[in-house]
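> I am sharing protein_29.cif, which consists of mmCIF, C-alpha atoms (C1' of nucleotides):
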data_target
loop_
_atom_site.label_atom_id
_atom_site.label_comp_id
_atom_site.auth_asym_id
_atom_site.auth_seq_id
_atom_site.Cartn_x
_atom_site.Cartn_y
_atom_site.Cartn_z
CA MET N 1 21.09 16.64 22.07
CA VAL N 2 18.87 13.79 21.01
CA ARG N 3 18.51 12.83 17.43
CA TRP N 4 14.76 12.30 17.57
CA GLU N 5 12.04 13.47 19.86
CA PRO N 6 11.19 10.50 22.06
CA GLY N 7 7.84 8.74 22.23
CA ALA N 8 7.07 8.75 18.56
CA GLN N 9 4.40 6.10 18.97
CA GLU N 10 2.57 7.97 21.68
CA ARG N 11 2.76 11.24 19.75
CA LEU N 12 1.34 9.54 16.68
CA ARG N 13 -1.49 8.08 18.73
CA ALA N 14 -2.40 11.45 20.16
CA ALA N 15 -2.21 13.20 16.81
CA ALA N 16 -4.37 10.52 15.23
CA MET N 17 -7.07 10.93 17.89
CA ASP N 18 -7.05 14.68 17.39
CA LEU N 19 -7.24 14.52 13.63
CA TYR N 20 -9.79 11.72 13.51
CA LEU N 21 -11.95 13.78 15.84
CA SER N 22 -11.60 17.10 14.09
CA ARG N 23 -11.43 16.13 10.42
CA GLY N 24 -12.92 12.68 10.55
CA TYR N 25 -11.20 9.36 10.07
CA GLU N 26 -11.64 9.07 6.33
CA ARG N 27 -10.45 12.53 5.54
CA THR N 28 -7.30 12.07 7.55
CA THR N 29 -4.42 10.44 5.70
CA ALA N 30 -1.66 8.52 7.39
CA ALA N 31 0.72 11.16 6.08
CA ASP N 32 -1.34 13.88 7.79
CA ILE N 33 -0.90 12.18 11.14
CA ALA N 34 2.80 11.61 10.66
CA HIS N 35 3.49 15.15 9.47
CA ALA N 36 1.53 16.55 12.41
CA VAL N 37 4.28 15.24 14.65
CA GLY N 38 7.19 15.79 12.30
CA LEU N 39 7.50 12.26 10.95
CA THR N 40 6.93 10.62 7.60
CA GLU N 41 4.12 8.35 6.49
CA ARG N 42 6.57 5.46 6.32
CA THR N 43 7.40 5.86 9.97
CA PHE N 44 3.73 5.82 10.87
CA PHE N 45 3.45 2.40 9.30
CA ARG N 46 6.48 1.19 11.17
CA HIS N 47 4.68 1.87 14.43
CA PHE N 48 1.20 0.75 13.43
CA ALA N 49 0.21 -2.03 11.11
CA ASP N 50 -2.46 0.13 9.55
CA LYS N 51 -4.41 3.33 9.87
CA ARG N 52 -6.96 1.79 12.22
CA GLU N 53 -4.57 0.09 14.55
CA VAL N 54 -3.44 3.42 15.95
CA LEU N 55 -6.70 3.47 17.91
CA PHE N 56 -6.48 -0.12 19.10
CA SER N 57 -2.95 -0.96 20.10
CA GLY N 58 -2.68 -1.74 23.77
CA GLN N 59 -5.44 -4.32 23.82
CA GLU N 60 -2.97 -6.91 25.09
CA VAL N 61 -3.14 -5.46 28.59
CA LEU N 62 -6.92 -5.67 28.58
CA GLU N 63 -6.72 -9.26 27.43
CA GLN N 64 -4.22 -10.04 30.17
CA ALA N 65 -6.55 -8.52 32.75
CA PHE N 66 -9.35 -10.81 31.57
CA LEU N 67 -7.05 -13.82 31.80
CA ASP N 68 -5.79 -12.81 35.23
CA GLY N 69 -9.39 -12.55 36.35
CA VAL N 70 -10.10 -16.07 35.15
CA ALA N 71 -6.99 -17.30 36.91
CA ALA N 72 -8.00 -15.55 40.13
CA ALA N 73 -11.24 -17.50 40.48
CA PRO N 74 -11.21 -20.30 43.04
CA GLN N 75 -11.09 -23.97 42.17
CA GLY N 76 -14.49 -25.38 41.40
CA ALA N 77 -15.84 -22.10 40.08
CA SER N 78 -18.51 -22.53 37.41
CA PRO N 79 -18.01 -21.01 33.94
CA LEU N 80 -20.30 -18.19 35.00
CA ASP N 81 -18.17 -17.59 38.09
CA LEU N 82 -15.05 -17.51 35.97
CA ILE N 83 -16.59 -14.90 33.71
CA ALA N 84 -17.74 -12.81 36.65
CA SER N 85 -14.22 -12.93 38.02
CA ALA N 86 -12.74 -11.87 34.70
CA LEU N 87 -15.19 -8.99 34.42
CA ALA N 88 -14.29 -7.81 37.90
CA ALA N 89 -10.59 -7.93 37.11
CA VAL N 90 -11.02 -5.82 34.05
CA ALA N 91 -13.06 -3.13 35.75
CA THR N 92 -9.96 -1.56 37.28
CA PHE N 93 -8.97 -0.33 33.85
CA PHE N 94 -11.95 1.91 33.56
CA SER N 95 -11.45 4.50 36.21
CA ALA N 96 -13.38 7.73 36.33
CA GLU N 97 -10.46 9.69 34.87
CA ARG N 98 -10.46 7.53 31.76
CA ARG N 99 -14.09 8.04 31.03
CA ASP N 100 -13.68 11.13 28.88
CA HIS N 101 -10.88 9.65 26.86
CA SER N 102 -13.00 6.55 26.26
CA ARG N 103 -15.89 8.71 25.18
CA ARG N 104 -13.83 10.60 22.63
CA ARG N 105 -12.40 7.40 21.26
CA GLN N 106 -15.83 5.86 20.97
CA ILE N 107 -17.20 8.86 19.11
CA ILE N 108 -14.58 8.28 16.46
CA ILE N 109 -15.25 4.57 16.23
CA ALA N 110 -19.01 4.99 16.13
CA ALA N 111 -18.66 7.22 13.08
CA ASN N 112 -16.76 4.67 10.97
CA PRO N 113 -17.74 1.13 10.02
CA ALA N 114 -14.12 0.40 9.21
CA LEU N 115 -13.18 1.16 12.80
CA GLN N 116 -16.13 -0.81 14.13
CA GLU N 117 -14.87 -3.80 12.20
CA ARG N 118 -11.51 -3.53 13.87
CA GLU N 119 -13.08 -3.17 17.28
CA LEU N 120 -15.20 -6.24 16.69
CA LEU N 121 -12.13 -8.18 15.66
CA LYS N 122 -10.37 -7.15 18.85
CA MET N 123 -13.35 -8.21 20.92
CA ALA N 124 -13.50 -11.52 19.11
CA GLY N 125 -9.82 -12.00 19.88
CA LEU N 126 -10.54 -11.27 23.51
CA ALA N 127 -13.34 -13.83 23.56
CA ALA N 128 -11.13 -16.42 21.90
CA ALA N 129 -8.40 -15.91 24.49
CA ILE N 130 -10.89 -16.21 27.33
CA ALA N 131 -12.34 -19.36 25.82
CA VAL N 132 -8.87 -20.91 25.78
CA ALA N 133 -8.41 -20.03 29.45
CA LEU N 134 -11.80 -21.52 30.32
CA ARG N 135 -10.99 -24.75 28.52
CA ALA N 136 -7.74 -24.89 30.45
CA ARG N 137 -9.86 -24.76 33.59
CA GLY N 138 -11.83 -27.75 32.43
CA VAL N 139 -14.83 -26.03 30.87
CA PRO N 140 -16.15 -28.08 27.96
CA ASP N 141 -15.53 -26.77 24.50
CA SER N 142 -18.64 -25.03 23.35
CA THR N 143 -19.62 -23.94 26.84
CA ALA N 144 -16.26 -22.22 27.04
CA VAL N 145 -16.96 -20.36 23.82
CA LEU N 146 -20.46 -19.40 24.93
CA ALA N 147 -19.29 -18.19 28.32
CA ALA N 148 -16.41 -16.25 26.81
CA GLU N 149 -18.59 -14.59 24.19
CA SER N 150 -21.20 -13.80 26.79
CA GLY N 151 -18.56 -12.26 28.99
CA VAL N 152 -17.37 -10.03 26.19
CA THR N 153 -20.95 -9.09 25.37
CA VAL N 154 -21.58 -8.11 28.97
CA PHE N 155 -18.36 -6.15 28.93
CA GLY N 156 -19.44 -4.33 25.78
CA VAL N 157 -22.89 -3.46 27.05
CA ALA N 158 -21.46 -2.29 30.36
CA PHE N 159 -18.94 -0.19 28.50
CA GLY N 160 -21.69 1.38 26.45
CA LYS N 161 -23.53 2.35 29.60
CA TRP N 162 -20.37 3.57 31.27
CA ILE N 163 -19.67 6.12 28.57
CA ALA N 164 -23.28 7.21 28.20
CA ALA N 165 -23.86 10.90 28.89
CA GLY N 166 -24.49 11.57 32.56
CA GLU N 167 -23.61 8.07 33.72
CA GLU N 168 -21.63 8.14 36.95
CA ARG N 169 -21.77 4.61 38.31
CA SER N 170 -18.54 2.65 38.36
CA PHE N 171 -17.65 0.23 35.63
CA LEU N 172 -17.81 -2.65 38.08
CA ASP N 173 -21.32 -1.76 39.19
CA LEU N 174 -22.46 -1.61 35.59
CA GLU N 175 -20.85 -4.94 34.78
CA ARG N 176 -22.67 -6.53 37.71
CA GLU N 177 -25.95 -5.03 36.63
CA VAL N 178 -25.59 -6.23 33.06
CA LEU N 179 -24.44 -9.68 34.08
CA GLY N 180 -27.52 -9.91 36.26
CA GLU N 181 -29.69 -8.99 33.32
CA LEU N 182 -28.04 -11.64 31.18
CA VAL N 183 -28.64 -14.32 33.78
CA ALA N 184 -32.26 -13.25 34.16
CA MET N 185 -32.76 -13.20 30.40
CA ALA N 186 -31.29 -16.68 30.00
CA ALA N 187 -33.52 -17.95 32.79
CA GLY N 188 -36.42 -17.09 30.56
CA ARG N 189 -38.10 -14.72 32.94
CA GLU N 190 -38.57 -10.99 32.61
CA LEU N 191 -36.74 -8.69 34.95
CA ARG N 192 -39.24 -7.30 37.42
CA GLY N 193 -37.28 -5.49 40.07
CA ALA N 194 -33.77 -4.39 40.81
CA VAL N 195 -30.95 -6.78 40.08
CA GLY N 196 -28.64 -7.35 42.98
CA GLY N 197 -25.06 -6.27 42.45
CA MET O 198 -28.26 -11.23 -29.43
CA VAL O 199 -27.80 -9.69 -26.00
CA ARG O 200 -25.37 -6.95 -25.38
CA TRP O 201 -24.00 -8.43 -22.15
CA GLU O 202 -24.00 -11.85 -20.64
CA PRO O 203 -26.64 -11.77 -17.94
CA GLY O 204 -26.01 -12.31 -14.24
CA ALA O 205 -22.81 -10.37 -13.96
CA GLN O 206 -23.12 -10.17 -10.20
CA GLU O 207 -23.57 -13.87 -9.76
CA ARG O 208 -20.71 -14.65 -12.13
CA LEU O 209 -18.44 -12.30 -10.21
CA ARG O 210 -19.40 -13.95 -6.96
CA ALA O 211 -18.62 -17.40 -8.26
CA ALA O 212 -15.32 -16.33 -9.79
CA ALA O 213 -14.31 -14.62 -6.56
CA MET O 214 -14.98 -17.76 -4.53
CA ASP O 215 -12.94 -19.83 -6.96
CA LEU O 216 -10.01 -17.46 -7.02
CA TYR O 217 -10.01 -16.78 -3.29
CA LEU O 218 -9.95 -20.52 -2.73
CA SER O 219 -7.28 -21.37 -5.24
CA ARG O 220 -4.94 -18.38 -5.07
CA GLY O 221 -5.90 -16.95 -1.73
CA TYR O 222 -7.78 -13.75 -1.00
CA GLU O 223 -4.80 -11.44 -0.78
CA ARG O 224 -3.19 -12.61 -3.96
CA THR O 225 -6.38 -12.14 -5.91
CA THR O 226 -6.95 -8.65 -7.28
CA ALA O 227 -10.35 -7.21 -8.05
CA ALA O 228 -9.22 -6.98 -11.66
CA ASP O 229 -8.42 -10.71 -11.64
CA ILE O 230 -11.97 -11.53 -10.65
CA ALA O 231 -13.50 -9.18 -13.17
CA HIS O 232 -11.33 -10.37 -16.04
CA ALA O 233 -12.10 -13.99 -15.16
CA VAL O 234 -15.67 -13.32 -16.26
CA GLY O 235 -14.92 -10.85 -19.05
CA LEU O 236 -15.56 -7.65 -17.15
CA THR O 237 -13.43 -4.77 -15.94
CA GLU O 238 -12.32 -3.89 -12.46
CA ARG O 239 -14.57 -0.83 -12.52
CA THR O 240 -17.59 -3.00 -13.11
CA PHE O 241 -16.65 -5.22 -10.20
CA PHE O 242 -16.82 -2.18 -7.94
CA ARG O 243 -20.17 -1.20 -9.33
CA HIS O 244 -21.59 -4.51 -8.14
CA PHE O 245 -19.76 -4.76 -4.83
CA ALA O 246 -18.74 -1.99 -2.50
CA ASP O 247 -15.38 -3.63 -1.93
CA LYS O 248 -13.34 -6.72 -2.43
CA ARG O 249 -14.70 -8.38 0.70
CA GLU O 250 -18.34 -7.67 0.12
CA VAL O 251 -18.44 -10.14 -2.75
CA LEU O 252 -18.48 -12.89 -0.10
CA PHE O 253 -21.10 -11.27 2.08
CA SER O 254 -23.84 -9.75 -0.02
CA GLY O 255 -27.15 -11.43 0.54
CA GLN O 256 -27.13 -11.09 4.30
CA GLU O 257 -30.37 -9.13 4.10
CA VAL O 258 -32.34 -12.31 3.60
CA LEU O 259 -30.76 -13.88 6.65
CA GLU O 260 -31.60 -10.79 8.66
CA GLN O 261 -35.16 -10.89 7.42
CA ALA O 262 -35.45 -14.52 8.49
CA PHE O 263 -34.33 -13.60 11.99
CA LEU O 264 -36.86 -10.80 12.12
CA ASP O 265 -39.63 -13.01 10.79
CA GLY O 266 -38.78 -15.49 13.51
CA VAL O 267 -39.15 -12.83 16.16
CA ALA O 268 -42.44 -11.74 14.65
CA ALA O 269 -43.69 -15.33 14.60
CA ALA O 270 -43.40 -15.76 18.36
CA PRO O 271 -46.68 -15.57 20.30
CA GLN O 272 -47.67 -12.63 22.43
CA GLY O 273 -46.22 -12.79 25.90
CA ALA O 274 -43.12 -14.65 24.79
CA SER O 275 -40.07 -13.92 26.91
CA PRO O 276 -36.92 -12.50 25.30
CA LEU O 277 -35.45 -15.99 25.37
CA ASP O 278 -38.52 -17.34 23.60
CA LEU O 279 -38.21 -14.66 20.96
CA ILE O 280 -34.61 -15.61 20.34
CA ALA O 281 -35.44 -19.28 20.15
CA SER O 282 -38.12 -18.49 17.61
CA ALA O 283 -35.71 -16.41 15.54
CA LEU O 284 -33.13 -19.17 15.59
CA ALA O 285 -35.69 -21.69 14.44
CA ALA O 286 -36.77 -19.46 11.58
CA VAL O 287 -33.26 -19.07 10.36
CA ALA O 288 -32.47 -22.77 10.38
CA THR O 289 -34.32 -23.33 7.12
CA PHE O 290 -31.55 -21.51 5.30
CA PHE O 291 -28.99 -24.09 6.18
CA SER O 292 -30.11 -27.16 4.38
CA ALA O 293 -27.88 -30.18 3.85
CA GLU O 294 -27.17 -29.18 0.25
CA ARG O 295 -25.74 -25.87 1.35
CA ARG O 296 -23.32 -27.37 3.78
CA ASP O 297 -20.45 -27.80 1.34
CA HIS O 298 -20.81 -24.32 -0.03
CA SER O 299 -20.78 -22.93 3.49
CA ARG O 300 -17.70 -24.94 4.28
CA ARG O 301 -15.80 -23.60 1.29
CA ARG O 302 -16.78 -20.08 2.10
CA GLN O 303 -15.72 -20.46 5.69
CA ILE O 304 -12.32 -21.83 4.70
CA ILE O 305 -11.70 -18.61 2.83
CA ILE O 306 -12.87 -16.42 5.68
CA ALA O 307 -10.94 -18.34 8.31
CA ALA O 308 -7.74 -17.67 6.39
CA ASN O 309 -8.10 -13.88 6.36
CA PRO O 310 -8.51 -11.48 9.27
CA ALA O 311 -9.82 -8.86 6.88
CA LEU O 312 -12.68 -11.17 5.97
CA GLN O 313 -13.27 -12.10 9.58
CA GLU O 314 -13.69 -8.42 10.34
CA ARG O 315 -16.36 -8.12 7.72
CA GLU O 316 -18.14 -11.20 8.97
CA LEU O 317 -18.13 -9.84 12.50
CA LEU O 318 -19.56 -6.56 11.26
CA LYS O 319 -22.36 -8.42 9.50
CA MET O 320 -23.11 -10.40 12.64
CA ALA O 321 -23.13 -7.22 14.68
CA GLY O 322 -25.56 -5.74 12.19
CA LEU O 323 -27.75 -8.80 12.58
CA ALA O 324 -27.70 -8.47 16.35
CA ALA O 325 -28.55 -4.78 16.14
CA ALA O 326 -31.54 -5.49 13.91
CA ILE O 327 -32.78 -8.20 16.23
CA ALA O 328 -32.39 -5.91 19.22
CA VAL O 329 -34.59 -3.34 17.51
CA ALA O 330 -37.23 -5.98 16.90
CA LEU O 331 -37.09 -7.11 20.52
CA ARG O 332 -37.51 -3.57 21.77
CA ALA O 333 -40.51 -3.20 19.50
CA ARG O 334 -41.93 -6.22 21.30
CA GLY O 335 -41.49 -4.48 24.61
CA VAL O 336 -38.21 -5.95 25.74
CA PRO O 337 -36.28 -3.42 27.82
CA ASP O 338 -33.28 -1.81 26.24
CA SER O 339 -30.22 -3.59 27.47
CA THR O 340 -32.01 -6.92 27.82
CA ALA O 341 -32.88 -6.62 24.15
CA VAL O 342 -29.23 -6.11 23.28
CA LEU O 343 -28.13 -8.99 25.48
CA ALA O 344 -30.72 -11.34 24.07
CA ALA O 345 -29.94 -10.34 20.50
CA GLU O 346 -26.20 -10.73 20.95
CA SER O 347 -26.72 -14.05 22.68
CA GLY O 348 -28.88 -15.22 19.84
CA VAL O 349 -26.24 -14.34 17.30
CA THR O 350 -23.60 -16.04 19.42
CA VAL O 351 -25.67 -19.21 19.58
CA PHE O 352 -26.17 -18.97 15.84
CA GLY O 353 -22.44 -18.63 15.30
CA VAL O 354 -21.50 -21.55 17.52
CA ALA O 355 -24.17 -23.71 15.93
CA PHE O 356 -22.90 -22.73 12.52
CA GLY O 357 -19.38 -23.70 13.51
CA LYS O 358 -20.58 -27.12 14.56
CA TRP O 359 -22.72 -27.51 11.48
CA ILE O 360 -19.80 -27.13 9.10
CA ALA O 361 -17.41 -29.22 11.19
CA ALA O 362 -16.06 -32.25 9.39
CA GLY O 363 -18.31 -35.27 9.74
CA GLU O 364 -21.17 -33.38 11.34
CA GLU O 365 -24.51 -34.56 10.04
CA ARG O 366 -27.09 -33.22 12.47
CA SER O 367 -29.45 -30.56 11.21
CA PHE O 368 -28.82 -26.90 11.82
CA LEU O 369 -31.94 -26.68 13.94
CA ASP O 370 -30.83 -29.51 16.20
CA LEU O 371 -27.47 -27.87 16.70
CA GLU O 372 -29.07 -24.53 17.49
CA ARG O 373 -31.24 -26.16 20.11
CA GLU O 374 -28.28 -27.93 21.63
CA VAL O 375 -26.20 -24.76 21.83
CA LEU O 376 -29.06 -22.69 23.18
CA GLY O 377 -29.49 -25.30 25.88
CA GLU O 378 -25.83 -25.02 26.77
CA LEU O 379 -26.11 -21.26 26.98
CA VAL O 380 -29.07 -21.45 29.31
CA ALA O 381 -27.29 -23.98 31.49
CA MET O 382 -24.13 -21.90 31.56
CA ALA O 383 -26.04 -18.77 32.56
CA ALA O 384 -27.79 -20.70 35.30
CA GLY O 385 -24.38 -21.15 36.83
CA ARG O 386 -24.40 -24.90 36.85
CA GLU O 387 -22.19 -27.26 34.92
CA LEU O 388 -23.68 -29.39 32.22
CA ARG O 389 -23.76 -32.92 33.50
CA GLY O 390 -25.81 -34.92 31.08
CA ALA O 391 -27.40 -34.55 27.68
CA VAL O 392 -29.15 -31.32 26.85
CA GLY O 393 -32.66 -31.76 25.59
CA GLY O 394 -33.32 -30.56 22.06
"C1'" DG A 395 -38.19 4.71 -39.55
"C1'" DG A 396 -36.30 7.99 -36.53
"C1'" DC A 397 -35.21 9.59 -31.89
"C1'" DA A 398 -34.55 10.42 -27.18
"C1'" DC A 399 -33.66 7.79 -23.04
"C1'" DT A 400 -31.93 4.25 -20.00
"C1'" DG A 401 -28.71 1.30 -17.97
"C1'" DA A 402 -24.79 -1.70 -17.81
"C1'" DT A 403 -20.50 -1.34 -19.20
"C1'" DG A 404 -15.73 0.58 -20.57
"C1'" DT A 405 -11.88 4.08 -20.26
"C1'" DC A 406 -8.98 7.10 -17.92
"C1'" DA A 407 -6.99 9.69 -14.43
"C1'" DG A 408 -6.41 10.25 -9.79
"C1'" DT A 409 -5.93 9.47 -4.44
"C1'" DC A 410 -4.39 6.92 -0.79
"C1'" DA A 411 -3.18 2.69 2.04
"C1'" DC A 412 0.49 -0.01 2.46
"C1'" DT A 413 5.22 -2.41 1.24
"C1'" DG A 414 10.11 -3.35 0.08
"C1'" DA A 415 14.66 -1.74 -0.66
"C1'" DT A 416 18.12 1.19 0.40
"C1'" DA A 417 20.35 5.27 2.58
"C1'" DT A 418 21.41 8.20 6.65
"C1'" DC A 419 23.40 9.17 10.85
"C1'" DA A 420 23.52 9.98 16.24
"C1'" DG A 421 24.81 7.32 20.02
"C1'" DC A 422 27.10 3.56 22.10
"C1'" DG A 423 30.27 -0.06 23.24
"C1'" DA A 424 34.80 -2.18 22.16
"C1'" DT T 425 38.56 5.67 16.50
"C1'" DC T 426 35.58 2.40 14.53
"C1'" DG T 427 31.97 -0.49 13.57
"C1'" DC T 428 27.24 -1.57 14.94
"C1'" DT T 429 22.48 -0.57 16.04
"C1'" DG T 430 18.12 1.45 15.66
"C1'" DA T 431 14.95 4.92 14.34
"C1'" DT T 432 14.25 7.44 10.72
"C1'" DA T 433 13.98 9.29 5.61
"C1'" DT T 434 13.57 8.56 0.62
"C1'" DC T 435 11.80 6.51 -3.37
"C1'" DA T 436 9.43 3.53 -6.30
"C1'" DG T 437 5.80 0.48 -6.75
"C1'" DT T 438 1.19 -2.24 -6.23
"C1'" DG T 439 -3.49 -2.41 -5.67
"C1'" DA T 440 -8.07 -0.84 -3.65
"C1'" DC T 441 -11.24 2.29 -4.68
"C1'" DT T 442 -13.53 6.75 -6.85
"C1'" DG T 443 -15.27 10.30 -10.07
"C1'" DA T 444 -16.02 11.92 -14.68
"C1'" DC T 445 -17.14 10.86 -18.99
"C1'" DA T 446 -17.90 7.93 -23.22
"C1'" DT T 447 -20.28 4.01 -25.46
"C1'" DC T 448 -23.97 1.69 -27.34
"C1'" DA T 449 -27.88 -2.20 -27.39
"C1'" DG T 450 -32.44 -2.22 -26.22
"C1'" DT T 451 -36.86 0.09 -25.34
"C1'" DG T 452 -40.64 2.87 -26.04
"C1'" DC T 453 -42.61 6.76 -28.23
"C1'" DC T 454 -43.73 9.78 -32.18
#
If you convert what's in this file into structure tokens, what do you get?

Amino acid sequence: MVRWEPGAQERLRAAAMDLYLSRGYERTTAADIAHAVGLTERTFFRHFADKREVLFSGQEVLEQAFLDGVAAAPQGASPLDLIASALAAVATFFSAERRDHSRRRQIIIAANPALQERELLKMAGLAAAIAVALRARGVPDSTAVLAAESGVTVFGVAFGKWIAAGEERSFLDLEREVLGELVAMAAGRELRGAVGG
Amino acid sequence: MVRWEPGAQERLRAAAMDLYLSRGYERTTAADIAHAVGLTERTFFRHFADKREVLFSGQEVLEQAFLDGVAAAPQGASPLDLIASALAAVATFFSAERRDHSRRRQIIIAANPALQERELLKMAGLAAAIAVALRARGVPDSTAVLAAESGVTVFGVAFGKWIAAGEERSFLDLEREVLGELVAMAAGRELRGAVGG
DNA sequence: GGCACTGATGTCAGTCACTGATATCAGCGA
DNA sequence: TCGCTGATATCAGTGACTGACATCAGTGCC
């Protein structure tokens, strides 16, 4: 006979998603979430630094995937190659089965500036980590930042397309498409035809 | 004999900067700021939506400058041209006399994730507004987003350089330099020599 | 002069995010 | 059996923010 139901953190996460979706983020108190799974508000805050973080914990694995992708690129790869490699590495996270979960999560975030702030902070953290990895590969300082930020931007735009209603292409395909658009845009020419993947 | 000292909002802003700098953001209460200029906490919240906003109000003028810059570009300009034009328009805001104020403000923000979140949200808002303007000029959807985000990234990197210790180049020069680096990076080649301004 | 009206402010009471301190108590190893 | 550990509960407190209502100088109108 166990003293506590196991997986408190996971149960809190699930309850938070449900409540944020049904009632809305602002009208859900931390105590609501905790009580929904038989815990107290205090325990909620032992598992999550704040009411937003419950939707964002687990970003470390995404960051690691980006870094692994940078590390996987061959010697002599350009900054753009390094970013492309990182984007490819990260695509494995976004399998077809996860699409609906990602959509629900994004609906919640889209409805609340406070949650958007947190998401932006996470993305900025991602970009900062990538920039460090690029510098370690010899990319000069501000180029590293630009490439890292661009990579995260491409990731974000691809993600937006991936969760769009009716979209069925793979995350990797979308990343390639968006990266192609970025390159074309930066070359100063308009996109005329299809962009090779 | 006036009933209230005029310029409550501006006085609150100044007091907030002072207190955030001296005591730190977290150890400054909204009531502290208000009382420092002879007002009550409630009045503080009538002027600013929250404790962070006191450092960020006035972004509308920056946004307008970006949009004016887009509008100022000639017909037939590429997305990259539009961004370059927007960046140029915005440079006038960052005159040499403002540099020290910007530095102080950034010291405060750099010390607090909560403030960084707000700054990121403002930047994202900027990018969104620019993207709308680009679409209105006929730029296709995701290219508009990519160009707008890239523009804001260049702006941010240039800003970081501009407030770096010892930096004396103009904001416009720095923007041009960074934009050049972005273009080179996206072209997939390393930067070898100087980038033309 | 009197009077209604406006707008910036004050007062007060309340909710909720978040924190620190301390207590509880099942399971586990010695 | 005993003491330790770790996840939890309890409780009291701070501070961000909100809504309702009062105040009262200035302004314009009769």
> Taking only residues of chain N that have an atom at most 8 Å from an atom of chain A, what is each one's shortest atom pair and its distance in Å to one decimal, using all atoms listed in the file, in chain and number order, as JSON lines?

{"residue": "N:Val2", "atom": "CA", "partner": "A:DA420", "partner_atom": "C1'", "distance": 7.7}
{"residue": "N:Arg3", "atom": "CA", "partner": "A:DA420", "partner_atom": "C1'", "distance": 5.9}
{"residue": "N:Thr29", "atom": "CA", "partner": "A:DC410", "partner_atom": "C1'", "distance": 7.4}
{"residue": "N:Phe45", "atom": "CA", "partner": "A:DC412", "partner_atom": "C1'", "distance": 7.8}
{"residue": "N:Asp50", "atom": "CA", "partner": "A:DC412", "partner_atom": "C1'", "distance": 7.7}
{"residue": "N:Lys51", "atom": "CA", "partner": "A:DA411", "partner_atom": "C1'", "distance": 8.0}
> Pull out every residue of chain T that has at least one atom within 10 Å of chain O, counting only C-alpha atoms (C1' of nucleotides), and report them as number ranges by chain.
T: 439-442, 448-450
> Could you list, as a PyMOL selection string, every residue matched by the PyMOL selection byres ((chain N) within 9 of (chain O)) in this structure?
chain N and resi 78-81+113-114+116-121+124+139-140+142-143+145-147+149-150+153-154+157+178+181-191
> Starting from the shown file, work through the PyMOL selection byres ((chain N and resi 20-23) around 10) and note down what comes out as a PDB file with C-alpha atoms, in the frame of the given file.

ATOM      1  CA  ALA N  14      -2.400  11.450  20.160  1.00  0.00           C
ATOM      2  CA  ALA N  15      -2.210  13.200  16.810  1.00  0.00           C
ATOM      3  CA  ALA N  16      -4.370  10.520  15.230  1.00  0.00           C
ATOM      4  CA  MET N  17      -7.070  10.930  17.890  1.00  0.00           C
ATOM      5  CA  ASP N  18      -7.050  14.680  17.390  1.00  0.00           C
ATOM      6  CA  LEU N  19      -7.240  14.520  13.630  1.00  0.00           C
ATOM      7  CA  GLY N  24     -12.920  12.680  10.550  1.00  0.00           C
ATOM      8  CA  TYR N  25     -11.200   9.360  10.070  1.00  0.00           C
ATOM      9  CA  GLU N  26     -11.640   9.070   6.330  1.00  0.00           C
ATOM     10  CA  ARG N  27     -10.450  12.530   5.540  1.00  0.00           C
ATOM     11  CA  THR N  28      -7.300  12.070   7.550  1.00  0.00           C
ATOM     12  CA  THR N  29      -4.420  10.440   5.700  1.00  0.00           C
ATOM     13  CA  ILE N  33      -0.900  12.180  11.140  1.00  0.00           C
ATOM     14  CA  LEU N  55      -6.700   3.470  17.910  1.00  0.00           C
ATOM     15  CA  ARG N 104     -13.830  10.600  22.630  1.00  0.00           C
ATOM     16  CA  ARG N 105     -12.400   7.400  21.260  1.00  0.00           C
ATOM     17  CA  ILE N 107     -17.200   8.860  19.110  1.00  0.00           C
ATOM     18  CA  ILE N 108     -14.580   8.280  16.460  1.00  0.00           C
ATOM     19  CA  ILE N 109     -15.250   4.570  16.230  1.00  0.00           C
ATOM     20  CA  ALA N 111     -18.660   7.220  13.080  1.00  0.00           C
TER      21      ALA N 111
END
> Could you tell me how far CA of Leu126 in chain N sits from CA of Val258 in chain O, in Å to one decimal place?
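Value for the CA of Val258 in chain O-CA of Leu126 in chain N distance: 29.5 Å.
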> Give me the residues near Ala270 in chain O as a PyMOL selection string, where near means some atom within 7 Å (using all atoms listed in the file) and where sequence neighbours in that chain fewer than 4 positions away do not count.
chain O and resi 266+274+279+282
> Take CA of Phe263 in chain O and CA of Ser292 in chain O and report the distance between them in Å, one decimal.
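Computed distance, CA of Phe263 in chain O to CA of Ser292 in chain O, equals 16.1 Å.
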> Using CA of Ala285 in chain O and CA of Phe155 in chain N as the two end points, give the distance in Å to one decimal.
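The value is 27.4 Å.
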> For the structure provided, state which residues fall under the PyMOL selection byres ((chain O and resi 244) around 10), and present them as an MDAnalysis selection string.
chainID O and resid 205:207 209:210 239:243 245:247 250:251 254
> Give me the residues within 10 Å of Gln261 in chain O as a list in words, counting only C-alpha atoms (C1' of nucleotides) and dropping any in the same chain fewer than 3 places off.
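What passes the distance filter is Gln256, Glu257, Val258, Leu264, Asp265, Gly266, Val267, Ala283, Ala286, Val287, Leu323, Ala326 and Ile327 of chain O.
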